[in-house]
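Peer 1: Input file: structure.pdb. Contents: PDB, C-alpha atoms.
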```pdb
ATOM      1  CA  MET A   1      73.540  68.637  21.876
ATOM      2  CA  GLY A   2      76.361  68.571  24.318
ATOM      3  CA  SER A   3      80.020  67.906  24.168
ATOM      4  CA  VAL A   4      82.473  65.903  26.166
ATOM      5  CA  SER A   5      85.342  67.272  28.187
ATOM      6  CA  SER A   6      88.594  67.417  26.239
ATOM      7  CA  ASP A   7      90.787  67.120  29.327
ATOM      8  CA  ARG A   8      90.231  63.421  29.949
ATOM      9  CA  GLU A   9      89.720  60.092  28.221
ATOM     10  CA  LEU A  10      86.256  59.280  26.938
ATOM     11  CA  THR A  11      84.184  57.196  29.324
ATOM     12  CA  VAL A  12      81.606  54.556  28.451
ATOM     13  CA  GLU A  13      78.873  57.108  29.126
ATOM     14  CA  ASP A  14      80.609  59.630  26.867
ATOM     15  CA  HIS A  15      80.625  57.112  24.010
ATOM     16  CA  LEU A  16      76.964  56.272  24.531
ATOM     17  CA  ARG A  17      76.039  59.938  24.669
ATOM     18  CA  LEU A  18      77.981  60.680  21.485
ATOM     19  CA  ALA A  19      76.224  57.767  19.766
ATOM     20  CA  ARG A  20      72.818  59.163  20.697
ATOM     21  CA  GLU A  21      73.784  62.706  19.725
ATOM     22  CA  LEU A  22      75.140  61.629  16.348
ATOM     23  CA  LEU A  23      71.902  59.775  15.598
ATOM     24  CA  ASP A  24      70.008  62.963  16.530
ATOM     25  CA  LEU A  25      72.322  65.130  14.437
ATOM     26  CA  ALA A  26      71.913  62.840  11.434
ATOM     27  CA  ALA A  27      68.117  62.933  11.758
ATOM     28  CA  TRP A  28      68.199  66.711  11.925
ATOM     29  CA  GLY A  29      70.468  67.075   8.867
ATOM     30  CA  ALA A  30      68.593  64.557   6.733
ATOM     31  CA  ALA A  31      65.250  66.135   7.615
ATOM     32  CA  ALA A  32      66.482  69.672   7.024
ATOM     33  CA  ARG A  33      67.848  68.940   3.530
ATOM     34  CA  PRO A  34      66.246  65.700   2.314
ATOM     35  CA  ASP A  35      66.934  66.438  -1.370
ATOM     36  CA  ASP A  36      70.561  67.396  -0.828
ATOM     37  CA  GLY A  37      72.556  64.232  -1.552
ATOM     38  CA  LEU A  38      75.673  65.630   0.093
ATOM     39  CA  ALA A  39      73.854  66.539   3.321
ATOM     40  CA  VAL A  40      72.122  63.163   3.383
ATOM     41  CA  GLY A  41      75.455  61.468   2.664
ATOM     42  CA  TRP A  42      76.950  63.146   5.713
ATOM     43  CA  ALA A  43      73.978  61.904   7.714
ATOM     44  CA  VAL A  44      75.008  58.390   6.646
ATOM     45  CA  THR A  45      78.499  59.141   7.942
ATOM     46  CA  GLN A  46      77.053  60.419  11.218
ATOM     47  CA  VAL A  47      75.059  57.243  11.805
ATOM     48  CA  PHE A  48      78.196  55.208  11.063
ATOM     49  CA  TYR A  49      80.038  57.182  13.738
ATOM     50  CA  ALA A  50      77.151  56.568  16.116
ATOM     51  CA  ALA A  51      77.872  52.866  15.589
ATOM     52  CA  VAL A  52      81.585  53.503  16.154
ATOM     53  CA  HIS A  53      80.783  55.034  19.546
ATOM     54  CA  GLY A  54      78.330  52.257  20.406
ATOM     55  CA  LEU A  55      80.987  49.640  19.692
ATOM     56  CA  SER A  56      83.635  51.671  21.533
ATOM     57  CA  ALA A  57      81.360  51.914  24.583
ATOM     58  CA  TYR A  58      80.912  48.157  24.729
ATOM     59  CA  VAL A  59      84.589  47.263  24.299
ATOM     60  CA  LEU A  60      85.641  49.862  26.867
ATOM     61  CA  ALA A  61      83.023  48.652  29.351
ATOM     62  CA  ARG A  62      83.718  44.943  28.914
ATOM     63  CA  HIS A  63      87.414  44.823  28.055
ATOM     64  CA  GLY A  64      88.778  48.199  29.148
ATOM     65  CA  VAL A  65      90.241  48.775  25.682
ATOM     66  CA  ARG A  66      90.254  51.903  23.543
ATOM     67  CA  ALA A  67      90.938  51.889  19.785
ATOM     68  CA  PRO A  68      93.221  54.481  18.257
ATOM     69  CA  ALA A  69      92.170  53.642  14.679
ATOM     70  CA  HIS A  70      89.345  52.172  12.630
ATOM     71  CA  GLN A  71      91.479  49.177  11.748
ATOM     72  CA  ASP A  72      91.730  48.294  15.423
ATOM     73  CA  ARG A  73      87.968  48.442  15.813
ATOM     74  CA  GLY A  74      87.574  46.121  12.836
ATOM     75  CA  ARG A  75      89.846  43.618  14.570
ATOM     76  CA  TRP A  76      87.737  43.657  17.724
ATOM     77  CA  PHE A  77      85.250  41.436  15.923
ATOM     78  CA  ALA A  78      87.928  38.761  15.602
ATOM     79  CA  GLU A  79      89.319  39.297  19.097
ATOM     80  CA  TYR A  80      86.052  39.287  21.012
ATOM     81  CA  PRO A  81      83.915  36.338  19.941
ATOM     82  CA  GLU A  82      80.880  37.597  21.833
ATOM     83  CA  LEU A  83      80.575  40.200  19.049
ATOM     84  CA  ARG A  84      78.516  38.362  16.449
ATOM     85  CA  LYS A  85      79.664  37.937  12.867
ATOM     86  CA  SER A  86      76.453  39.464  11.536
ATOM     87  CA  GLU A  87      77.215  42.602  13.566
ATOM     88  CA  ALA A  88      80.711  42.739  12.098
ATOM     89  CA  TRP A  89      79.431  42.522   8.562
ATOM     90  CA  ASP A  90      76.665  45.074   9.121
ATOM     91  CA  TYR A  91      79.220  47.417  10.698
ATOM     92  CA  ARG A  92      81.558  46.919   7.735
ATOM     93  CA  GLY A  93      78.729  47.605   5.269
ATOM     94  CA  LEU A  94      77.871  50.785   7.119
ATOM     95  CA  LYS A  95      81.516  51.841   7.110
ATOM     96  CA  ARG A  96      81.765  51.284   3.365
ATOM     97  CA  ALA A  97      78.678  53.461   2.785
ATOM     98  CA  SER A  98      80.112  56.182   5.001
ATOM     99  CA  GLU A  99      83.419  56.136   3.150
ATOM    100  CA  GLU A 100      81.696  56.287  -0.212
ATOM    101  CA  SER A 101      79.972  59.444   0.989
ATOM    102  CA  ARG A 102      83.037  61.025   2.576
ATOM    103  CA  TYR A 103      85.714  60.140   0.063
ATOM    104  CA  GLN A 104      83.741  60.005  -3.176
ATOM    105  CA  GLY A 105      81.100  62.625  -2.358
ATOM    106  CA  PHE A 106      78.521  60.028  -3.192
ATOM    107  CA  PRO A 107      75.002  61.507  -3.053
ATOM    108  CA  TYR A 108      72.672  59.389  -0.953
ATOM    109  CA  THR A 109      68.894  59.528  -1.067
ATOM    110  CA  ALA A 110      66.674  59.865   1.980
ATOM    111  CA  ALA A 111      65.518  56.244   1.537
ATOM    112  CA  GLU A 112      69.107  54.985   1.431
ATOM    113  CA  TYR A 113      69.924  57.022   4.525
ATOM    114  CA  ALA A 114      66.883  55.560   6.305
ATOM    115  CA  ALA A 115      68.065  52.017   5.565
ATOM    116  CA  HIS A 116      71.564  52.731   6.900
ATOM    117  CA  ARG A 117      70.076  54.457   9.926
ATOM    118  CA  THR A 118      68.029  51.367  10.743
ATOM    119  CA  THR A 119      71.230  49.319  10.765
ATOM    120  CA  ALA A 120      73.071  51.868  12.904
ATOM    121  CA  GLU A 121      70.250  52.181  15.435
ATOM    122  CA  ARG A 122      70.089  48.403  15.816
ATOM    123  CA  LEU A 123      73.843  48.130  16.368
ATOM    124  CA  VAL A 124      73.956  51.047  18.816
ATOM    125  CA  ALA A 125      71.014  49.727  20.846
ATOM    126  CA  HIS A 126      72.552  46.255  21.038
ATOM    127  CA  TRP A 127      76.035  47.410  21.994
ATOM    128  CA  ALA A 128      74.680  49.939  24.484
ATOM    129  CA  ALA A 129      72.753  47.158  26.206
ATOM    130  CA  MET A 130      75.869  44.957  26.194
ATOM    131  CA  ALA A 131      77.972  47.852  27.551
ATOM    132  CA  ARG A 132      75.591  48.340  30.461
ATOM    133  CA  LYS A 133      75.731  44.627  31.245
ATOM    134  CA  GLY A 134      79.492  44.525  30.797
ATOM    135  CA  ARG A 135      80.357  46.926  33.595
TER     136      ARG A 135
ATOM    137  CA  MET B 136     122.003  35.417  -6.738
ATOM    138  CA  SER B 137     118.975  35.952  -4.620
ATOM    139  CA  SER B 138     115.394  35.784  -5.756
ATOM    140  CA  ALA B 139     112.765  37.490  -3.717
ATOM    141  CA  ALA B 140     109.626  35.464  -3.294
ATOM    142  CA  PRO B 141     106.552  37.212  -4.668
ATOM    143  CA  VAL B 142     104.220  38.575  -2.037
ATOM    144  CA  LEU B 143     100.964  36.791  -2.629
ATOM    145  CA  PRO B 144      97.715  37.960  -1.157
ATOM    146  CA  SER B 145      96.304  35.709   1.510
ATOM    147  CA  ILE B 146      92.824  36.125   0.085
ATOM    148  CA  ASP B 147      91.178  32.933  -1.160
ATOM    149  CA  LEU B 148      90.116  34.222  -4.567
ATOM    150  CA  GLU B 149      88.135  31.124  -5.479
ATOM    151  CA  ALA B 150      86.095  31.527  -2.327
ATOM    152  CA  VAL B 151      85.612  35.226  -3.075
ATOM    153  CA  ARG B 152      84.347  34.384  -6.567
ATOM    154  CA  ALA B 153      81.980  31.771  -5.199
ATOM    155  CA  ALA B 154      80.661  34.193  -2.569
ATOM    156  CA  LEU B 155      80.070  37.120  -4.909
ATOM    157  CA  ARG B 156      79.009  35.416  -8.132
ATOM    158  CA  PRO B 157      75.387  34.895  -7.024
ATOM    159  CA  ILE B 158      74.896  38.575  -6.188
ATOM    160  CA  PRO B 159      73.335  40.452  -9.106
ATOM    161  CA  GLY B 160      74.664  43.848 -10.108
ATOM    162  CA  ILE B 161      78.334  43.232  -9.385
ATOM    163  CA  THR B 162      80.133  44.102 -12.592
ATOM    164  CA  GLU B 163      83.718  43.475 -11.559
ATOM    165  CA  VAL B 164      85.844  42.378  -8.629
ATOM    166  CA  ARG B 165      89.432  43.526  -8.813
ATOM    167  CA  LEU B 166      92.433  42.778  -6.640
ATOM    168  CA  VAL B 167      94.710  45.787  -6.315
ATOM    169  CA  GLY B 168      97.733  44.812  -4.269
ATOM    170  CA  ALA B 169      96.152  43.362  -1.153
ATOM    171  CA  ASP B 170      92.937  45.366  -1.548
ATOM    172  CA  LEU B 171      89.799  43.830  -2.966
ATOM    173  CA  TRP B 172      87.642  46.264  -4.938
ATOM    174  CA  ILE B 173      83.986  45.561  -5.662
ATOM    175  CA  ILE B 174      82.531  47.492  -8.597
ATOM    176  CA  ARG B 175      78.750  47.366  -8.822
ATOM    177  CA  GLU B 176      76.124  48.952 -11.049
ATOM    178  CA  GLY B 177      75.045  51.509  -8.470
ATOM    179  CA  VAL B 178      74.089  51.901  -4.852
ATOM    180  CA  ASP B 179      71.543  49.388  -3.602
ATOM    181  CA  VAL B 180      71.627  49.372   0.176
ATOM    182  CA  ALA B 181      70.312  45.825   0.583
ATOM    183  CA  ARG B 182      72.785  44.499  -1.973
ATOM    184  CA  ASP B 183      75.635  46.452  -0.438
ATOM    185  CA  TYR B 184      75.025  44.788   2.942
ATOM    186  CA  GLN B 185      74.646  41.461   1.137
ATOM    187  CA  ILE B 186      78.141  41.961  -0.288
ATOM    188  CA  SER B 187      79.607  42.541   3.175
ATOM    189  CA  HIS B 188      77.853  39.467   4.571
ATOM    190  CA  ALA B 189      78.826  37.314   1.579
ATOM    191  CA  LEU B 190      82.485  38.234   1.958
ATOM    192  CA  GLY B 191      82.250  37.386   5.649
ATOM    193  CA  ASP B 192      85.627  36.430   7.017
ATOM    194  CA  LEU B 193      87.171  35.972   3.571
ATOM    195  CA  VAL B 194      88.574  39.489   3.810
ATOM    196  CA  GLU B 195      89.040  41.804   6.751
ATOM    197  CA  ASP B 196      87.940  44.754   4.640
ATOM    198  CA  TYR B 197      87.345  45.730   1.028
ATOM    199  CA  GLN B 198      86.766  48.783  -1.141
ATOM    200  CA  ILE B 199      83.665  49.527  -3.143
ATOM    201  CA  SER B 200      82.772  51.687  -6.126
ATOM    202  CA  THR B 201      80.181  52.074  -8.843
ATOM    203  CA  VAL B 202      80.552  51.538 -12.586
ATOM    204  CA  ALA B 203      80.164  55.282 -13.097
ATOM    205  CA  ARG B 204      83.243  55.872 -10.936
ATOM    206  CA  ARG B 205      85.318  52.881 -11.875
ATOM    207  CA  GLY B 206      87.983  55.254 -13.205
ATOM    208  CA  MET B 207      89.067  55.871  -9.629
ATOM    209  CA  VAL B 208      89.804  52.192  -9.067
ATOM    210  CA  PRO B 209      93.487  51.422  -9.660
ATOM    211  CA  ASP B 210      94.514  48.770 -12.167
ATOM    212  CA  GLY B 211      94.838  45.279 -10.827
ATOM    213  CA  LEU B 212      93.942  41.642 -11.283
ATOM    214  CA  ARG B 213      90.410  40.968 -12.432
ATOM    215  CA  VAL B 214      88.986  38.376 -10.063
ATOM    216  CA  LEU B 215      85.395  38.303 -11.307
TER     217      LEU B 215
END
```
Go ahead and express the file in the form of structure tokens.
Peer 2:
Amino acid sequence: MGSVSSDRELTVEDHLRLARELLDLAAWGAAARPDDGLAVGWAVTQVFYAAVHGLSAYVLARHGVRAPAHQDRGRWFAEYPELRKSEAWDYRGLKRASEESRYQGFPYTAAEYAAHRTTAERLVAHWAAMARKGR
Amino acid sequence: MSSAAPVLPSIDLEAVRAALRPIPGITEVRLVGADLWIIREGVDVARDYQISHALGDLVEDYQISTVARRGMVPDGLRVL
């Protein structure tokens, strides 16, 4: 795992790297403690943040825009019609699951994590491909 | 004498009811201020994504909880 420099803005490549690393980190945590609902719940949060970075990479690459807050990212789906509605609603479902873990300490099972991971991987792969085309 | 107009939510509650009614396992939908809360029996990942898709553009965002934790949901208007 690496890190990004703190003395500059994140680049498209930084976002894509963080997305990949968060997916790796989630896989490691969920595999290390598969019966620990809290650890698996944080893995759900990590795959959500992988999606956040995938989306951020695309919007930065295509539109040159950075989002200071989650609410702004949510609005990108309305502002940029090339982002499909089904992606918006999957992203929102993933966000809700992440918040249930973070704010309510909701214990997730390995199977539930795997389902959320599938969604996150699909979104990240799609937005990464769009980001590479968008530059 | 002035009378302040009530601030009404811009959410189409009839449409929300119609969208969520067919989904099994939703025990209550509550409007708390401008926030829509969905209370369901428990976590079911497929159903939870179904909820997000069913709500579509009817709301920008929503909150979600389980019956077991409904005590954390503030009082509001029961929508469903």
Peer 1: Could you spell out the hits of the PyMOL selection byres ((chain A) within 9 of (chain B)) on the shown file, as a ChimeraX atom specification?
Peer 2: /A:74-75,85-86,88-94,96-97,100,104,108,112-113,115-116
Peer 1: For a test of reading the model, state the distance in Å between CA of Trp172 in chain B and CA of Pro159 in chain B, rounded to one decimal.
Peer 2: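 Distance between the two atoms: 16.0 Å.
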Peer 1: State, in Å with one decimal place, the distance from CA of Gln46 in chain A to CA of Leu60 in chain A.
Peer 2: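 About the pair CA of Gln46 in chain A and CA of Leu60 in chain A: they are 20.7 Å apart.
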Peer 1: Give me, as a ChimeraX atom specification, all polymer residues having an atom no more than 8 Å from range 117-123 of chain A, counting all atoms listed in the file and skipping those fewer than 3 positions away in the same chain.
Peer 2: /A:23,44,47-48,50-51,54,87,90-91,94,113-114,126-127
Peer 1: Take the PyMOL selection byres ((chain B and resi 175) around 7), run it mentally on this structure, and tell me the resulting residues as a compact mmCIF listing (two decimals) with C-alpha atoms, in the coordinates of the input.
Peer 2:
```
# COMPACT_ATOMS: atom_id res chain seq x y z
CA GLY B 160 74.66 43.85 -10.11
CA ILE B 161 78.33 43.23 -9.38
CA THR B 162 80.13 44.10 -12.59
CA GLU B 163 83.72 43.48 -11.56
CA ILE B 173 83.99 45.56 -5.66
CA ILE B 174 82.53 47.49 -8.60
CA GLU B 176 76.12 48.95 -11.05
CA GLY B 177 75.04 51.51 -8.47
CA SER B 200 82.77 51.69 -6.13
CA THR B 201 80.18 52.07 -8.84
CA VAL B 202 80.55 51.54 -12.59
```
Peer 1: Report the residues retrieved by the PyMOL selection byres ((chain A and resi 39) around 12) from the displayed file, expressed as number ranges by chain.
Peer 2: A: 25-38, 40-46, 101-102, 105-110, 113
Peer 1: List the spatial neighbours of Ala150 in chain B as a VMD selection string - criterion: any atom at most 10 Å away, only C-alpha atoms, same-chain residues fewer than 4 positions off excluded.
Peer 2: chain B and resid 146 154 to 156 190 193
Peer 1: Between CA of Tyr80 in chain A and CA of Glu13 in chain A, what is the spacing in Å?
Peer 2: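 Here the two named atoms are 20.9 Å from each other.
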Peer 1: Within 10 Å of (87.6, 43.0, 26.8), all atoms listed in the file: residues as number ranges by chain?
Peer 2: A: 58-66, 76, 79-80, 82, 134
Peer 1: Assuming the input is short of atoms at range 23-35 of chain A, produce N, CA and C atoms for that part as a PDB file, keeping the file's coordinate frame.
Peer 2:
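The resulting out-v1.pdb:
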```pdb
ATOM      1  N   LEU A  23      73.166  60.209  16.218  1.00  0.00           N
ATOM      2  CA  LEU A  23      71.902  59.775  15.598  1.00  0.00           C
ATOM      3  C   LEU A  23      70.940  60.958  15.499  1.00  0.00           C
ATOM      4  N   ASP A  24      70.886  61.780  16.554  1.00  0.00           N
ATOM      5  CA  ASP A  24      70.008  62.963  16.530  1.00  0.00           C
ATOM      6  C   ASP A  24      70.467  63.953  15.461  1.00  0.00           C
ATOM      7  N   LEU A  25      71.779  64.171  15.405  1.00  0.00           N
ATOM      8  CA  LEU A  25      72.322  65.130  14.437  1.00  0.00           C
ATOM      9  C   LEU A  25      72.039  64.673  13.005  1.00  0.00           C
ATOM     10  N   ALA A  26      72.188  63.386  12.766  1.00  0.00           N
ATOM     11  CA  ALA A  26      71.913  62.840  11.434  1.00  0.00           C
ATOM     12  C   ALA A  26      70.446  63.037  11.073  1.00  0.00           C
ATOM     13  N   ALA A  27      69.554  62.778  12.020  1.00  0.00           N
ATOM     14  CA  ALA A  27      68.117  62.933  11.758  1.00  0.00           C
ATOM     15  C   ALA A  27      67.808  64.386  11.422  1.00  0.00           C
ATOM     16  N   TRP A  28      68.428  65.281  12.153  1.00  0.00           N
ATOM     17  CA  TRP A  28      68.199  66.711  11.925  1.00  0.00           C
ATOM     18  C   TRP A  28      68.692  67.110  10.527  1.00  0.00           C
ATOM     19  N   GLY A  29      69.909  66.695  10.160  1.00  0.00           N
ATOM     20  CA  GLY A  29      70.468  67.075   8.867  1.00  0.00           C
ATOM     21  C   GLY A  29      69.691  66.489   7.701  1.00  0.00           C
ATOM     22  N   ALA A  30      69.317  65.220   7.828  1.00  0.00           N
ATOM     23  CA  ALA A  30      68.593  64.557   6.733  1.00  0.00           C
ATOM     24  C   ALA A  30      67.199  65.151   6.570  1.00  0.00           C
ATOM     25  N   ALA A  31      66.590  65.551   7.692  1.00  0.00           N
ATOM     26  CA  ALA A  31      65.250  66.135   7.615  1.00  0.00           C
ATOM     27  C   ALA A  31      65.303  67.569   7.085  1.00  0.00           C
ATOM     28  N   ALA A  32      66.366  68.270   7.433  1.00  0.00           N
ATOM     29  CA  ALA A  32      66.482  69.672   7.024  1.00  0.00           C
ATOM     30  C   ALA A  32      66.731  69.801   5.518  1.00  0.00           C
ATOM     31  N   ARG A  33      67.486  68.847   4.957  1.00  0.00           N
ATOM     32  CA  ARG A  33      67.848  68.940   3.530  1.00  0.00           C
ATOM     33  C   ARG A  33      67.689  67.573   2.862  1.00  0.00           C
ATOM     34  N   PRO A  34      66.455  67.068   2.801  1.00  0.00           N
ATOM     35  CA  PRO A  34      66.246  65.700   2.314  1.00  0.00           C
ATOM     36  C   PRO A  34      66.601  65.499   0.839  1.00  0.00           C
ATOM     37  N   ASP A  35      66.622  66.577   0.056  1.00  0.00           N
ATOM     38  CA  ASP A  35      66.934  66.438  -1.370  1.00  0.00           C
ATOM     39  C   ASP A  35      68.387  66.770  -1.686  1.00  0.00           C
TER      40      ASP A  35
END
```
